[in-house]
>>> print(open('input.tsv').read())   # TSV, C-alpha atoms and all ligand atoms
chain	number	residue	atom	x	y	z
A	1	MET	CA	136.10	59.40	102.82
A	2	LYS	CA	137.48	62.77	101.87
A	3	TYR	CA	135.13	64.99	99.92
A	4	LEU	CA	137.71	65.38	97.15
A	5	THR	CA	137.76	61.60	96.66
A	6	TYR	CA	133.95	61.53	96.58
A	7	LEU	CA	133.96	64.25	93.91
A	8	LYS	CA	136.57	62.45	91.80
A	9	ASN	CA	134.49	59.26	91.87
A	10	LEU	CA	131.24	60.96	90.85
A	11	LYS	CA	129.88	59.59	87.59
A	12	VAL	CA	126.46	61.26	87.66
A	13	CYS	CA	124.91	64.37	89.18
A	14	PRO	CA	124.17	63.33	92.79
A	15	PHE	CA	121.30	65.82	93.03
A	16	CYS	CA	119.60	64.27	90.00
A	17	GLU	CA	120.54	60.60	90.38
A	18	ASP	CA	121.19	59.96	94.08
A	19	ILE	CA	118.72	62.09	96.01
A	20	LYS	CA	115.74	59.80	96.64
A	21	GLY	CA	116.80	58.31	99.98
A	22	LYS	CA	118.11	61.62	101.26
A	23	ILE	CA	115.03	63.83	101.02
A	24	LEU	CA	113.78	65.42	104.24
A	25	LEU	CA	110.99	67.33	102.54
A	26	GLU	CA	110.00	68.20	99.00
A	27	ASN	CA	107.54	70.36	97.16
A	28	ASP	CA	106.74	70.68	93.46
A	29	GLY	CA	110.05	72.30	92.56
A	30	ALA	CA	112.68	71.55	95.19
A	31	TYR	CA	114.07	69.26	97.86
A	32	LEU	CA	115.23	69.91	101.40
A	33	THR	CA	118.06	67.58	102.34
A	34	TYR	CA	121.30	67.52	104.33
A	35	SER	CA	124.86	67.90	103.19
A	36	LEU	CA	126.87	64.71	102.80
A	37	ALA	CA	130.03	66.79	103.30
A	38	PRO	CA	128.85	69.18	105.97
A	39	TYR	CA	130.48	72.38	107.15
A	40	HIS	CA	128.43	71.83	110.33
A	41	LYS	CA	126.57	68.77	111.65
A	42	TYR	CA	123.22	70.33	110.76
A	43	HIS	CA	124.20	71.70	107.35
A	44	LEU	CA	121.09	71.55	105.16
A	45	LEU	CA	120.68	71.95	101.41
A	46	VAL	CA	117.86	73.24	99.23
A	47	ILE	CA	118.05	71.81	95.73
A	48	PRO	CA	115.83	72.51	92.72
A	49	LYS	CA	114.43	69.29	91.27
A	50	ARG	CA	115.38	70.30	87.77
A	51	HIS	CA	119.09	70.29	86.89
A	52	VAL	CA	120.08	73.92	86.45
A	53	GLU	CA	123.41	75.54	87.23
A	54	ASN	CA	122.43	79.20	87.53
A	55	LEU	CA	119.79	81.11	89.46
A	56	ALA	CA	118.65	82.81	86.27
A	57	GLU	CA	117.64	79.45	84.81
A	58	LEU	CA	115.04	78.86	87.53
A	59	THR	CA	111.41	79.61	86.86
A	60	TRP	CA	109.64	81.88	89.34
A	61	GLU	CA	107.75	78.84	90.59
A	62	GLU	CA	111.06	77.09	91.30
A	63	HIS	CA	112.34	80.19	93.13
A	64	ILE	CA	109.22	80.16	95.30
A	65	CYS	CA	109.63	76.42	95.98
A	66	MET	CA	113.26	76.92	96.99
A	67	THR	CA	112.40	79.88	99.22
A	68	ALA	CA	109.69	77.89	100.98
A	69	LEU	CA	112.20	75.15	101.78
A	70	PHE	CA	114.81	77.68	102.92
A	71	VAL	CA	112.23	78.91	105.44
A	72	THR	CA	111.43	75.37	106.57
A	73	GLY	CA	115.13	74.56	106.88
A	74	VAL	CA	115.81	77.67	108.96
A	75	LYS	CA	112.85	76.83	111.22
A	76	THR	CA	114.14	73.27	111.60
A	77	LEU	CA	117.56	74.52	112.68
A	78	GLY	CA	115.83	76.92	115.07
A	79	LYS	CA	114.21	73.92	116.75
A	80	LEU	CA	117.73	72.59	117.29
A	81	GLY	CA	118.73	75.84	118.96
A	82	HIS	CA	120.51	77.32	115.94
A	83	ASN	CA	118.74	80.63	115.55
A	84	ASP	CA	121.48	82.23	113.46
A	85	CYS	CA	122.16	80.69	110.09
A	86	THR	CA	124.06	81.49	106.95
A	87	LEU	CA	122.27	81.01	103.64
A	88	LEU	CA	124.67	80.54	100.75
A	89	THR	CA	124.06	79.92	97.08
A	90	ARG	CA	126.91	79.96	94.59
A	91	ASP	CA	125.75	80.97	91.16
A	92	SER	CA	127.39	79.51	88.06
A	93	GLY	CA	130.41	77.22	88.45
A	94	SER	CA	133.34	79.44	89.20
A	95	LEU	CA	133.01	80.14	92.91
A	96	GLY	CA	134.07	76.87	94.46
A	97	LYS	CA	130.80	75.14	93.69
A	98	SER	CA	131.82	71.49	93.64
A	99	ILE	CA	128.46	70.11	92.47
A	100	LYS	CA	127.33	72.01	89.39
A	101	HIS	CA	123.60	71.44	90.04
A	102	LEU	CA	122.40	74.66	91.69
A	103	HIS	CA	121.92	74.30	95.44
A	104	GLY	CA	121.50	76.51	98.45
A	105	HIS	CA	123.19	75.92	101.78
A	106	ILE	CA	121.63	76.54	105.20
A	107	ILE	CA	124.47	76.48	107.72
A	108	PRO	CA	124.16	77.11	111.45
A	109	GLY	CA	126.31	80.05	112.51
A	110	GLY	CA	127.62	83.06	110.69
A	111	PHE	CA	131.07	82.63	109.31
A	112	ILE	CA	131.95	79.50	107.35
A	113	GLN	CA	135.61	80.22	106.71
A	114	ASP	CA	137.27	80.23	103.32
A	115	THR	CA	134.95	78.02	101.30
A	116	SER	CA	137.50	77.70	98.48
A	117	LEU	CA	139.61	75.48	100.76
A	118	ASN	CA	136.86	73.25	101.99
A	119	THR	CA	136.90	70.69	99.20
A	120	ALA	CA	140.29	69.51	100.40
A	121	VAL	CA	139.38	69.13	104.07
A	122	ARG	CA	135.69	68.24	104.07
A	123	LYS	CA	134.70	64.62	104.64
A	124	ILE	CA	131.71	62.60	103.53
A	125	LEU	CA	129.40	61.32	106.26
A	126	SER	CA	129.68	57.62	107.02
A	127	THR	CA	126.59	55.48	106.43
A	128	ASP	CA	125.83	55.45	110.16
A	129	GLU	CA	126.38	59.20	110.54
A	130	GLU	CA	124.03	59.85	107.62
A	131	LYS	CA	121.39	57.44	108.96
A	132	ASN	CA	121.45	58.97	112.44
A	133	LEU	CA	121.41	62.55	111.14
A	134	LYS	CA	118.48	61.88	108.83
A	135	LYS	CA	116.53	60.19	111.64
A	136	GLU	CA	117.23	63.09	114.01
A	137	LEU	CA	116.32	65.79	111.49
A	138	LYS	CA	113.11	64.07	110.45
A	139	LYS	CA	112.08	63.66	114.08
A	140	ILE	CA	112.84	67.29	115.00
A	141	SER	CA	111.28	68.84	111.93
A	142	LYS	CA	108.38	66.36	111.99
A	143	LEU	CA	108.75	66.00	108.24
A	201	ZN	ZN	121.63	67.53	88.58
>>> encode(input="input.tsv", output="structure tokens", more="lines below")
Ligand SMILES: [Zn+2]
Amino acid sequence: MKYLTYLKNLKVCPFCEDIKGKILLENDGAYLTYSLAPYHKYHLLVIPKRHVENLAELTWEEHICMTALFVTGVKTLGKLGHNDCTLLTRDSGSLGKSIKHLHGHIIPGGFIQDTSLNTAVRKILSTDEEKNLKKELKKISKL
């Protein structure tokens, strides 16, 4: 399924309502998960548990929780041999952020192309792709 179709069919915030089976690790304030529409096979996401759209809305405790999971995510990708990662967080809703709920990306590699075009070309993982990726990431990160 194309990512654009997935977005058009969304009825609820996926990071509030559809996150439970997708969590790799969590702490008091945030989740570490994977992208359903990845820029790279091992594209991870750090998502605050509370629905906020801007960095300034986070409490300091939530910032710390997100940072801790960014570190864990980067270490996990390092175990997969990806020692160079891009961390990306789009603040507010005007920079191509397709899901309004604030989230941070951890993407292996440096350059991720023109992100404004990616909604049109990105695809959603199939059920099997998602199942295999989750199993692999949990095994590698020992989460
Ligand atoms: Zn949300």
>>> closest_residue(input="input.tsv", among="A:Leu77, A:Val12, A:Leu25, A:Ala37", to="ligand ZN 201 (chain A)", atoms="all atoms listed in the file")
A:Val12
>>> residues_near_ligand(input="input.tsv", ligand="ligand ZN 201 (chain A)", cutoff="6 Å", atoms="all atoms listed in the file", output="PyMOL selection string")
chain A and resi 13+15-16+51+101
>>> residues_near_point(input="input.tsv", point="(123.4, 58.4, 109.7)", cutoff="12 Å", atoms="all atoms listed in the file", output="MDAnalysis selection string")
chainID A and resid 21:22 34:36 41:42 124:138
>>> residues_around(input="input.tsv", residues="Glu62 in chain A", least_positions_apart="3", cutoff="10 Å", atoms="all atoms listed in the file", output="JSON, numbers by chain")
{"A": [27, 28, 29, 30, 47, 48, 49, 50, 55, 57, 58, 59, 65, 66, 67, 68]}
>>> atom_distance(input="input.tsv", atom1="CA of Ile99 in chain A", atom2="CA of His43 in chain A")
15.6 Å
>>> closest_residue(input="input.tsv", among="A:Leu88, A:Val52, A:Leu44, A:Met1", to="Thr72 in chain A", atoms="only C-alpha atoms")
A:Leu44
>>> atom_distance(input="input.tsv", atom1="CA of His103 in chain A", atom2="CA of Thr89 in chain A")
6.2 Å
>>> closest_residue(input="input.tsv", among="A:Tyr3, A:Ser141, A:Leu24, A:Pro108", to="Lys79 in chain A", atoms="all atoms listed in the file")
A:Ser141
